[in-house]
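Working notes, structure below.
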Amino acid sequence: MSGFDARIVLRPRSLDETFDLALAYLRVSARQFLPLFAGLSIVATGIVFVTSWAFELSLGPRLCLAILLTPVLERVVTVYAGRHLFQSSGLIGPALWAVLKQLPLIVVIALFNSLPLLLMAYSRFEEEAFLGFGIMTGMIWPFLVVVHYYLGEVSHLEQLPLSKAPARARALVGYRYGRVFGLLAVGFVVRVLFALGTYSTGLFVMGFVLQFEEVSSHLGEWAALAGYLAAGPYLALVRLFDYVDARTRREGWDIQVRFHAIAQRERARIAERSAA
Amino acid sequence: MAQPIDTVLEIDTPEHLAFRTRIAGPGRRMFAWLIDLMIRFAIVMGLIFIVGAFAAAGLDGLGTGLMFVLLFLLDWFYFFGFELLTGGRSPGKIALKLRVVRPNGLPITWRESFLRNLIRAADITLFPPYYLFLGPLIMAGDAKFRRLGDWVAGTIVVVEDPTLISRQVAVPAKPEDVAELPGALPLDRGDLEALELFVHREHMSDARREELAEIVAPIYAGKLQQPYPRNSTRFLAALWARAQDPRRRIS
């Protein structure tokens, strides 16, 4: 497998097709990805649970912690999947280590990216001042986030230093603001759907299957939180494929693969002729 | 190495025609379903208005009864009716360019449509007050993104996205470059497909285009006994334009 041979067919794709591709990729590589996804989601939920228990956190701070943890999980998946996509095998350890080395930076970027949401979540969407400020900043925030949307992919997969990575990320987004904005919006909807799905399933299992007479609302909250965290790895995979799409359109990755194959074929023919 | 992963399906028709089509995933299908849901909601609103009119005329019992009958028909036959009338498309599917077909690409019959819509209720399972969305989960895990109803009826949902034949060429060829090339081109289908992608690709910088062109332009120039191209992008554009010339000969 050469450095250009990807496990997916390289071609420009629409946004919904990118989401479908991530599902197809997960299905085919389930043995590699499902343990990773499950492990990351369980560890992240565990961290939130232990921290909440130790510091007696209410729902607001708990949500904030989950929002800050999600980008860390996503980066692990980005690095792992990036290697898996172009190499014959991927190891979780090196991916984890690559992310841990940049942990402070990832947390700072996560803080910046989700500032309006954090403000609103901290007050459990109830405090008017926080809510107002969150909504006001939230109107312009997506535009700021979108500009550097592929920063994680660029800094980890292309291993660019922080001085060069933002410019590179901006260049990749430059001609597709609308699409990246759509990805951001759909990503948010997917997170909410995951949270609703696990909330509903959690309550169903406890109340209907196990026939507990009184199902605590806290259980639903925890199930929703686990769902929110579990959406992160999937969305990281979607973002990676969207980054691949950006490079395919901008840099003709698919054309490069085809041209190299033609060049290789012709070289082989010439060698065959000269041998004869 | 295993086949690269993609979301297209190769369909072999009974006439032994093979074509590739995109399978519709959960996201697109969910949007189509939401559009249909809104249309049905609008119809229900209309029904309520009609019942109001009956009530005003002192026939509220008849109006309510009629509404229940119409609600039942709407709930169970909306998709079935539209799929029969339009060859596998409800209004939501039409809006998102989706179509229900059989695995061999043929249109569905009333049997398939009836079965897949009968099982629709199981895809959104209700155990009041709990809701379980089995359909999207099953779709996500299936290679052809089929929900329970599709499994039972043996149908798939595909995206009807017609390929645009006459697209704008991003790298136009210069007539003088084309004139220098011979009529017989040593290009096979793979070469032509790669060249087609190259000349139609937008958003690429000139430098990157040239970098890519330099991979194959000297090879083609050698095969055509042409001098080493000064501008590889121009050379490939001319090669593509020559290949499009109906008077050309492909060796």
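Each chain in the structure tokens gets a letter, A, B, ..., in the order shown, and its residues are numbered from 1; ligands are numbered from 1 in order too.
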
message = For Leu47 of chain B, find every residue with an atom within 7 Å (counting only C-alpha atoms), except residues of its own chain fewer than 4 positions away, and show them as a count of residues only.
response = 3

task = Residues of chain B near chain A: apply a cut-off of 6 Å, count only C-alpha atoms, and supply the list as an MDAnalysis selection string.
result = chainID B and resid 4:6 25 130 203:204 216

message = With only C-alpha atoms as the counted atoms, please give the residues lying no more than 8 Å from segment 145-148 of chain A, apart from itself and same-chain residues fewer than 3 positions off, as a PyMOL selection string.
response = chain A and resi 113+141-142+151+166+169-170+173-174+177+180-181+184

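For the pair atom CA of Trp222 of chain A and atom CA of Thr51 of chain A, the separation is 13.3 Å.
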
request  = Mind checking which residues fall within 8 Å of Leu9 of chain B, counting only C-alpha atoms, ignoring those fewer than 5 positions away in the same chain, and posting them as a count of residues only?
outcome  = 4

Those in segment 58-209 of chain A with helix (DSSP H, G or I) from DSSP, as a PyMOL selection string = chain A and resi 59-86+92-101+103-113+115-122+128-147+151-157+165-173+177-209

request  = From segment 110-188 of chain B, collect each residue whose DSSP state is strand (DSSP E or B) and return the set as a ChimeraX atom specification.
outcome  = /B:124-127,130-133,156-159,184-185

remark   = Of A:Met136, A:Arg239, A:Leu100, A:Ser163, the one sitting nearest Arg179 of chain A when using only C-alpha atoms is A:Arg239

ask   = Which of these, B:Pro182, B:Pro129, B:Pro172, B:Pro229, has the shortest distance to His200 of chain B once you count only C-alpha atoms?
value =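 Nearest candidate to His200 of chain B out of B:Pro182, B:Pro129, B:Pro172, B:Pro229: B:Pro172.
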
query = Rounded to one decimal in Å, what is the spacing between atom CA of Leu106 of chain B and atom CA of Glu193 of chain B?
reply =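 So the two atoms, atom CA of Leu106 of chain B and atom CA of Glu193 of chain B, lie 28.3 Å apart.
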
Excluding segment 83-90 of chain B and residues on its chain fewer than 5 positions from it, collect all residues at most 8 Å away from it, counting only C-alpha atoms, and give them as a PDB file with N, CA and C atoms, in the first residue's frame.
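What follows is the written file out_38.pdb:
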ATOM      1  N   ASP B  36     -41.963  14.929   4.183  1.00  0.00           N
ATOM      2  CA  ASP B  36     -43.242  14.213   4.113  1.00  0.00           C
ATOM      3  C   ASP B  36     -44.057  14.419   5.382  1.00  0.00           C
ATOM      4  N   LEU B  98     -34.608  11.104  -4.389  1.00  0.00           N
ATOM      5  CA  LEU B  98     -34.502   9.707  -3.948  1.00  0.00           C
ATOM      6  C   LEU B  98     -35.550   8.862  -4.669  1.00  0.00           C
ATOM      7  N   ARG B  99     -35.254   7.598  -4.802  1.00  0.00           N
ATOM      8  CA  ARG B  99     -36.227   6.676  -5.396  1.00  0.00           C
ATOM      9  C   ARG B  99     -36.065   5.286  -4.786  1.00  0.00           C
ATOM     10  N   VAL B 100     -37.193   4.657  -4.501  1.00  0.00           N
ATOM     11  CA  VAL B 100     -37.159   3.273  -4.005  1.00  0.00           C
ATOM     12  C   VAL B 100     -37.147   2.356  -5.222  1.00  0.00           C
ATOM     13  N   VAL B 101     -36.180   1.450  -5.261  1.00  0.00           N
ATOM     14  CA  VAL B 101     -36.106   0.499  -6.376  1.00  0.00           C
ATOM     15  C   VAL B 101     -35.865  -0.912  -5.837  1.00  0.00           C
ATOM     16  N   PRO B 107     -38.257  -0.788 -11.116  1.00  0.00           N
ATOM     17  CA  PRO B 107     -39.186  -0.079 -10.228  1.00  0.00           C
ATOM     18  C   PRO B 107     -39.901  -1.040  -9.293  1.00  0.00           C
ATOM     19  N   ILE B 108     -40.320  -0.539  -8.157  1.00  0.00           N
ATOM     20  CA  ILE B 108     -41.023  -1.414  -7.205  1.00  0.00           C
ATOM     21  C   ILE B 108     -42.477  -1.613  -7.665  1.00  0.00           C
ATOM     22  N   THR B 109     -43.047  -2.717  -7.241  1.00  0.00           N
ATOM     23  CA  THR B 109     -44.459  -2.985  -7.543  1.00  0.00           C
ATOM     24  C   THR B 109     -45.267  -2.660  -6.289  1.00  0.00           C
ATOM     25  N   TRP B 110     -46.580  -2.843  -6.365  1.00  0.00           N
ATOM     26  CA  TRP B 110     -47.428  -2.527  -5.206  1.00  0.00           C
ATOM     27  C   TRP B 110     -47.088  -3.423  -4.016  1.00  0.00           C
ATOM     28  N   SER B 113     -44.002  -1.987  -2.231  1.00  0.00           N
ATOM     29  CA  SER B 113     -44.366  -0.720  -1.606  1.00  0.00           C
ATOM     30  C   SER B 113     -45.245  -0.962  -0.373  1.00  0.00           C
TER      31      SER B 113
END

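When atom CA of Gln3 of chain B is paired with atom CA of Leu235 of chain A, their separation reads 24.0 Å.
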
inquiry  = At a cut-off of 8 Å, using only C-alpha atoms, what residues contact Asp123 of chain B? Leave out same-chain residues fewer than 2 positions from it and give the result as a PyMOL selection string.
reply    = chain B and resi 119-121+125+133-136+147-149

Convert the current residue selection to file output with N, CA and C atoms, as a PDB file, in the first residue's frame.
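This is the output file selection_8.pdb:
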ATOM      1  N   ILE B 119     -44.216  -2.039   7.361  1.00  0.00           N
ATOM      2  CA  ILE B 119     -43.205  -2.232   8.418  1.00  0.00           C
ATOM      3  C   ILE B 119     -42.692  -0.870   8.931  1.00  0.00           C
ATOM      4  N   ARG B 120     -43.111   0.211   8.275  1.00  0.00           N
ATOM      5  CA  ARG B 120     -42.623   1.548   8.663  1.00  0.00           C
ATOM      6  C   ARG B 120     -42.842   1.808  10.158  1.00  0.00           C
ATOM      7  N   ALA B 121     -43.979   1.327  10.661  1.00  0.00           N
ATOM      8  CA  ALA B 121     -44.301   1.580  12.072  1.00  0.00           C
ATOM      9  C   ALA B 121     -43.247   0.973  12.997  1.00  0.00           C
ATOM     10  N   THR B 125     -40.436   2.725  16.799  1.00  0.00           N
ATOM     11  CA  THR B 125     -41.224   1.917  17.729  1.00  0.00           C
ATOM     12  C   THR B 125     -41.689   2.778  18.892  1.00  0.00           C
ATOM     13  N   PHE B 133     -35.997   4.595  18.108  1.00  0.00           N
ATOM     14  CA  PHE B 133     -35.800   4.813  16.680  1.00  0.00           C
ATOM     15  C   PHE B 133     -34.920   3.693  16.128  1.00  0.00           C
ATOM     16  N   LEU B 134     -35.572   2.570  15.827  1.00  0.00           N
ATOM     17  CA  LEU B 134     -34.816   1.406  15.357  1.00  0.00           C
ATOM     18  C   LEU B 134     -34.344   1.599  13.915  1.00  0.00           C
ATOM     19  N   GLY B 135     -35.184   2.240  13.112  1.00  0.00           N
ATOM     20  CA  GLY B 135     -34.883   2.408  11.680  1.00  0.00           C
ATOM     21  C   GLY B 135     -33.518   3.003  11.418  1.00  0.00           C
ATOM     22  N   PRO B 136     -33.229   4.192  11.969  1.00  0.00           N
ATOM     23  CA  PRO B 136     -31.920   4.800  11.716  1.00  0.00           C
ATOM     24  C   PRO B 136     -30.753   3.925  12.185  1.00  0.00           C
ATOM     25  N   ARG B 147     -33.644   0.153   5.936  1.00  0.00           N
ATOM     26  CA  ARG B 147     -34.355   0.076   7.216  1.00  0.00           C
ATOM     27  C   ARG B 147     -35.106  -1.254   7.247  1.00  0.00           C
ATOM     28  N   LEU B 148     -35.813  -1.503   8.364  1.00  0.00           N
ATOM     29  CA  LEU B 148     -36.515  -2.787   8.498  1.00  0.00           C
ATOM     30  C   LEU B 148     -37.458  -3.064   7.322  1.00  0.00           C
ATOM     31  N   GLY B 149     -38.206  -2.035   6.938  1.00  0.00           N
ATOM     32  CA  GLY B 149     -39.171  -2.179   5.838  1.00  0.00           C
ATOM     33  C   GLY B 149     -38.486  -2.574   4.536  1.00  0.00           C
TER      34      GLY B 149
END
